[in-house]
Amino acid sequence: MVALAREGDPGCQRVIADAGHTVGRIAAALCNQFNPERIVVGGELALAGDLLLDPMRESIRRYAIPAAAEDLTVVAGALGDRAELMGALALVVGQSEQVLSGRVVAATGR
């Protein structure tokens with residue numbers, strides 16, 4: 001569907017735009033709660049680019065508190081199919097650093 005939308009199929013473009021509006025409303029609610037600086041859209045829908053992101057941005061501007069939406073950026077993820085693997089590796093590395101720094105603290109008493 002994404003490929004057809006990118007090639008100009010109006011039905012597929014409409015479905016992706018509708019999805020963008022819906023996800024944007026949900027993202028707006030999250031912005032109101034957490035005030036993030038950036039929303040990164042991953043997965044296969046991220047390949048739709050601005051066909052998805054522009055309706056998301058529009059919904060966020062409409063439904064989020066203005067101060068929460070003002071400095072927010074909405075971008076497509078760059079990791080593609082590797083996103084899950086890279087996220088898992090980052091989690092393991094972060095936990096390893098915490099464990100190692102905890103051992104250093106315990107050994108030095110600081």
# chains A, B, ... in the order shown; residues from 1 in each chain; ligands from 1

$ residues_around --residues "segment 56-60 of chain A" --least-positions-apart "3" --cutoff "7 Å" --atoms "only C-alpha atoms" --output "JSON list (two decimals) with all heavy atoms, in the first residue's frame"
[["chain", "number", "residue", "atom", "x", "y", "z"],
["A", 20, "GLY", "N", -2.46, 8.71, 9.42],
["A", 20, "GLY", "CA", -1.64, 9.79, 9.98],
["A", 20, "GLY", "C", -2.44, 10.70, 10.90],
["A", 20, "GLY", "O", -1.98, 11.07, 11.97],
["A", 21, "HIS", "N", -3.67, 11.03, 10.48],
["A", 21, "HIS", "CA", -4.52, 11.87, 11.33],
["A", 21, "HIS", "C", -4.86, 11.16, 12.65],
["A", 21, "HIS", "O", -4.82, 11.77, 13.72],
["A", 21, "HIS", "CB", -5.81, 12.25, 10.60],
["A", 21, "HIS", "CG", -5.64, 13.31, 9.58],
["A", 21, "HIS", "ND1", -5.36, 14.63, 9.91],
["A", 21, "HIS", "CD2", -5.70, 13.28, 8.23],
["A", 21, "HIS", "CE1", -5.25, 15.35, 8.81],
["A", 21, "HIS", "NE2", -5.45, 14.56, 7.77],
["A", 23, "VAL", "N", -3.19, 8.61, 14.16],
["A", 23, "VAL", "CA", -1.99, 8.49, 15.00],
["A", 23, "VAL", "C", -1.60, 9.85, 15.55],
["A", 23, "VAL", "O", -1.15, 9.96, 16.69],
["A", 23, "VAL", "CB", -0.83, 7.84, 14.20],
["A", 23, "VAL", "CG1", 0.46, 7.87, 14.98],
["A", 23, "VAL", "CG2", -1.20, 6.41, 13.82],
["A", 24, "GLY", "N", -1.81, 10.89, 14.78],
["A", 24, "GLY", "CA", -1.52, 12.25, 15.25],
["A", 24, "GLY", "C", -2.37, 12.66, 16.44],
["A", 24, "GLY", "O", -1.88, 13.32, 17.37],
["A", 25, "ARG", "N", -3.63, 12.26, 16.45],
["A", 25, "ARG", "CA", -4.49, 12.57, 17.61],
["A", 25, "ARG", "C", -3.98, 11.86, 18.86],
["A", 25, "ARG", "O", -3.97, 12.44, 19.95],
["A", 25, "ARG", "CB", -5.93, 12.18, 17.33],
["A", 25, "ARG", "CG", -6.62, 13.13, 16.39],
["A", 25, "ARG", "CD", -8.07, 12.84, 16.31],
["A", 25, "ARG", "NE", -8.73, 13.35, 17.52],
["A", 25, "ARG", "CZ", -10.02, 13.56, 17.61],
["A", 25, "ARG", "NH1", -10.80, 13.28, 16.60],
["A", 25, "ARG", "NH2", -10.54, 14.02, 18.73],
["A", 27, "ALA", "N", -0.88, 10.86, 19.32],
["A", 27, "ALA", "CA", 0.40, 11.50, 19.65],
["A", 27, "ALA", "C", 0.16, 12.83, 20.36],
["A", 27, "ALA", "O", 0.91, 13.20, 21.27],
["A", 27, "ALA", "CB", 1.23, 11.69, 18.39],
["A", 28, "ALA", "N", -0.88, 13.56, 19.97],
["A", 28, "ALA", "CA", -1.20, 14.83, 20.62],
["A", 28, "ALA", "C", -1.52, 14.61, 22.09],
["A", 28, "ALA", "O", -1.07, 15.38, 22.96],
["A", 28, "ALA", "CB", -2.37, 15.52, 19.92],
["A", 52, "LEU", "N", 2.36, 10.30, 5.41],
["A", 52, "LEU", "CA", 1.89, 9.96, 6.75],
["A", 52, "LEU", "C", 2.21, 11.08, 7.74],
["A", 52, "LEU", "O", 1.38, 11.44, 8.57],
["A", 52, "LEU", "CB", 2.55, 8.67, 7.23],
["A", 52, "LEU", "CG", 2.21, 8.25, 8.66],
["A", 52, "LEU", "CD1", 0.84, 7.59, 8.71],
["A", 52, "LEU", "CD2", 3.27, 7.32, 9.22],
["A", 53, "LEU", "N", 3.42, 11.61, 7.67],
["A", 53, "LEU", "CA", 3.89, 12.56, 8.68],
["A", 53, "LEU", "C", 3.17, 13.90, 8.64],
["A", 53, "LEU", "O", 2.90, 14.49, 9.69],
["A", 53, "LEU", "CB", 5.40, 12.76, 8.55],
["A", 53, "LEU", "CG", 6.26, 11.51, 8.73],
["A", 53, "LEU", "CD1", 7.73, 11.84, 8.55],
["A", 53, "LEU", "CD2", 6.01, 10.85, 10.06],
["A", 63, "TYR", "N", -4.68, 19.22, 18.06],
["A", 63, "TYR", "CA", -5.19, 18.63, 19.30],
["A", 63, "TYR", "C", -4.26, 18.73, 20.50],
["A", 63, "TYR", "O", -4.71, 18.51, 21.62],
["A", 63, "TYR", "CB", -5.57, 17.17, 19.06],
["A", 63, "TYR", "CG", -6.70, 17.01, 18.08],
["A", 63, "TYR", "CD1", -6.46, 16.56, 16.80],
["A", 63, "TYR", "CD2", -8.00, 17.36, 18.43],
["A", 63, "TYR", "CE1", -7.51, 16.44, 15.89],
["A", 63, "TYR", "CE2", -9.04, 17.24, 17.54],
["A", 63, "TYR", "CZ", -8.79, 16.78, 16.26],
["A", 63, "TYR", "OH", -9.82, 16.66, 15.36],
["A", 64, "ALA", "N", -3.02, 19.06, 20.29],
["A", 64, "ALA", "CA", -2.09, 19.18, 21.43],
["A", 64, "ALA", "C", -2.15, 20.59, 22.00],
["A", 64, "ALA", "O", -2.51, 21.55, 21.31],
["A", 64, "ALA", "CB", -0.66, 18.85, 21.01],
["A", 69, "ALA", "N", 3.16, 21.36, 21.46],
["A", 69, "ALA", "CA", 3.38, 21.09, 20.04],
["A", 69, "ALA", "C", 4.37, 22.05, 19.40],
["A", 69, "ALA", "O", 4.91, 21.76, 18.33],
["A", 69, "ALA", "CB", 2.05, 21.16, 19.30],
["A", 74, "VAL", "N", 8.40, 15.84, 14.28],
["A", 74, "VAL", "CA", 7.91, 14.50, 13.94],
["A", 74, "VAL", "C", 8.71, 14.06, 12.72],
["A", 74, "VAL", "O", 8.68, 14.73, 11.68],
["A", 74, "VAL", "CB", 6.40, 14.51, 13.63],
["A", 74, "VAL", "CG1", 5.91, 13.12, 13.25],
["A", 74, "VAL", "CG2", 5.61, 15.05, 14.82]]

$ select_by_dssp --residues "chain A" --states "helix (DSSP H, G or I)" --output "VMD selection string"
chain A and resid 2 to 6 10 to 34 44 to 48 50 to 63 66 to 70 80 to 108

$ select_by_dssp --residues "segment 31-60 of chain A" --states "strand (DSSP E or B)" --output "number ranges by chain"
A: 38-41

$ closest_residue --among "A:Leu51, A:Gly43, A:Cys31, A:Thr73" --to "Cys12 of chain A" --atoms "only C-alpha atoms"
A:Leu51

$ atom_distance --atom1 "atom CA of Phe34 of chain A" --atom2 "atom CA of Ala83 of chain A"
22.7 Å

$ closest_residue --among "A:Ala67, A:Ala88, A:Ala78, A:Ala3" --to "Pro36 of chain A" --atoms "only C-alpha atoms"
A:Ala67

$ atom_distance --atom1 "atom CA of Asp18 of chain A" --atom2 "atom CA of Asp54 of chain A"
10.9 Å

$ closest_residue --among "A:Ala17, A:Ala29, A:Gly94, A:Met1" --to "Arg61 of chain A" --atoms "only C-alpha atoms"
A:Ala29

$ atom_distance --atom1 "atom CA of Met86 of chain A" --atom2 "atom CA of Asn32 of chain A"
28.2 Å

$ closest_residue --among "A:Ala76, A:Ala90, A:Ile26, A:Ile39" --to "Arg62 of chain A" --atoms "only C-alpha atoms"
A:Ile26

$ residues_around --residues "Leu79 of chain A" --least-positions-apart "6" --cutoff "12 Å" --atoms "only C-alpha atoms" --output "PDB file with all heavy atoms, in the first residue's frame"
ATOM      1  N   VAL A  40       9.480   9.883  16.734  1.00  0.00           N
ATOM      2  CA  VAL A  40      10.093   9.153  15.627  1.00  0.00           C
ATOM      3  C   VAL A  40       9.146   8.036  15.221  1.00  0.00           C
ATOM      4  O   VAL A  40       8.797   7.182  16.029  1.00  0.00           O
ATOM      5  CB  VAL A  40      11.467   8.573  16.027  1.00  0.00           C
ATOM      6  CG1 VAL A  40      12.089   7.815  14.857  1.00  0.00           C
ATOM      7  CG2 VAL A  40      12.395   9.685  16.499  1.00  0.00           C
ATOM      8  N   VAL A  41       8.736   8.047  13.969  1.00  0.00           N
ATOM      9  CA  VAL A  41       7.830   7.034  13.437  1.00  0.00           C
ATOM     10  C   VAL A  41       8.666   5.988  12.726  1.00  0.00           C
ATOM     11  O   VAL A  41       9.435   6.309  11.818  1.00  0.00           O
ATOM     12  CB  VAL A  41       6.811   7.660  12.461  1.00  0.00           C
ATOM     13  CG1 VAL A  41       5.913   6.596  11.865  1.00  0.00           C
ATOM     14  CG2 VAL A  41       6.005   8.734  13.163  1.00  0.00           C
ATOM     15  N   GLY A  42       8.522   4.742  13.155  1.00  0.00           N
ATOM     16  CA  GLY A  42       9.283   3.659  12.543  1.00  0.00           C
ATOM     17  C   GLY A  42       8.375   2.668  11.858  1.00  0.00           C
ATOM     18  O   GLY A  42       7.176   2.889  11.704  1.00  0.00           O
ATOM     19  N   GLY A  43       8.952   1.579  11.444  1.00  0.00           N
ATOM     20  CA  GLY A  43       8.185   0.523  10.800  1.00  0.00           C
ATOM     21  C   GLY A  43       7.908   0.815   9.339  1.00  0.00           C
ATOM     22  O   GLY A  43       8.414   1.776   8.761  1.00  0.00           O
ATOM     23  N   GLU A  44       7.065  -0.019   8.772  1.00  0.00           N
ATOM     24  CA  GLU A  44       6.791   0.093   7.340  1.00  0.00           C
ATOM     25  C   GLU A  44       6.067   1.384   6.977  1.00  0.00           C
ATOM     26  O   GLU A  44       6.270   1.936   5.899  1.00  0.00           O
ATOM     27  CB  GLU A  44       5.991  -1.110   6.874  1.00  0.00           C
ATOM     28  CG  GLU A  44       6.807  -2.393   6.906  1.00  0.00           C
ATOM     29  CD  GLU A  44       6.054  -3.572   6.347  1.00  0.00           C
ATOM     30  OE1 GLU A  44       5.259  -3.375   5.404  1.00  0.00           O
ATOM     31  OE2 GLU A  44       6.266  -4.678   6.848  1.00  0.00           O
ATOM     32  N   ALA A  46       6.584   4.245   8.133  1.00  0.00           N
ATOM     33  CA  ALA A  46       7.550   5.344   8.059  1.00  0.00           C
ATOM     34  C   ALA A  46       8.040   5.540   6.629  1.00  0.00           C
ATOM     35  O   ALA A  46       8.435   6.644   6.248  1.00  0.00           O
ATOM     36  CB  ALA A  46       8.726   5.082   8.988  1.00  0.00           C
ATOM     37  N   LEU A  47       7.985   4.464   5.843  1.00  0.00           N
ATOM     38  CA  LEU A  47       8.400   4.568   4.441  1.00  0.00           C
ATOM     39  C   LEU A  47       7.478   5.476   3.638  1.00  0.00           C
ATOM     40  O   LEU A  47       7.834   5.928   2.556  1.00  0.00           O
ATOM     41  CB  LEU A  47       8.452   3.177   3.811  1.00  0.00           C
ATOM     42  CG  LEU A  47       9.442   2.189   4.438  1.00  0.00           C
ATOM     43  CD1 LEU A  47       9.293   0.816   3.796  1.00  0.00           C
ATOM     44  CD2 LEU A  47      10.862   2.699   4.311  1.00  0.00           C
ATOM     45  N   LEU A  85      16.475  -4.396  16.557  1.00  0.00           N
ATOM     46  CA  LEU A  85      17.786  -4.894  16.955  1.00  0.00           C
ATOM     47  C   LEU A  85      18.619  -3.794  17.599  1.00  0.00           C
ATOM     48  O   LEU A  85      19.220  -4.004  18.658  1.00  0.00           O
ATOM     49  CB  LEU A  85      18.526  -5.467  15.737  1.00  0.00           C
ATOM     50  CG  LEU A  85      19.967  -5.910  15.974  1.00  0.00           C
ATOM     51  CD1 LEU A  85      20.012  -7.054  16.985  1.00  0.00           C
ATOM     52  CD2 LEU A  85      20.610  -6.320  14.667  1.00  0.00           C
ATOM     53  N   MET A  86      18.631  -2.622  16.999  1.00  0.00           N
ATOM     54  CA  MET A  86      19.423  -1.516  17.551  1.00  0.00           C
ATOM     55  C   MET A  86      18.879  -1.077  18.915  1.00  0.00           C
ATOM     56  O   MET A  86      19.643  -0.770  19.825  1.00  0.00           O
ATOM     57  CB  MET A  86      19.431  -0.336  16.572  1.00  0.00           C
ATOM     58  CG  MET A  86      20.067  -0.686  15.227  1.00  0.00           C
ATOM     59  SD  MET A  86      21.774  -1.210  15.367  1.00  0.00           S
ATOM     60  CE  MET A  86      22.563   0.337  15.637  1.00  0.00           C
ATOM     61  N   GLY A  87      17.555  -1.069  19.073  1.00  0.00           N
ATOM     62  CA  GLY A  87      16.964  -0.722  20.358  1.00  0.00           C
ATOM     63  C   GLY A  87      17.335  -1.730  21.435  1.00  0.00           C
ATOM     64  O   GLY A  87      17.662  -1.365  22.568  1.00  0.00           O
TER      65      GLY A  87
END
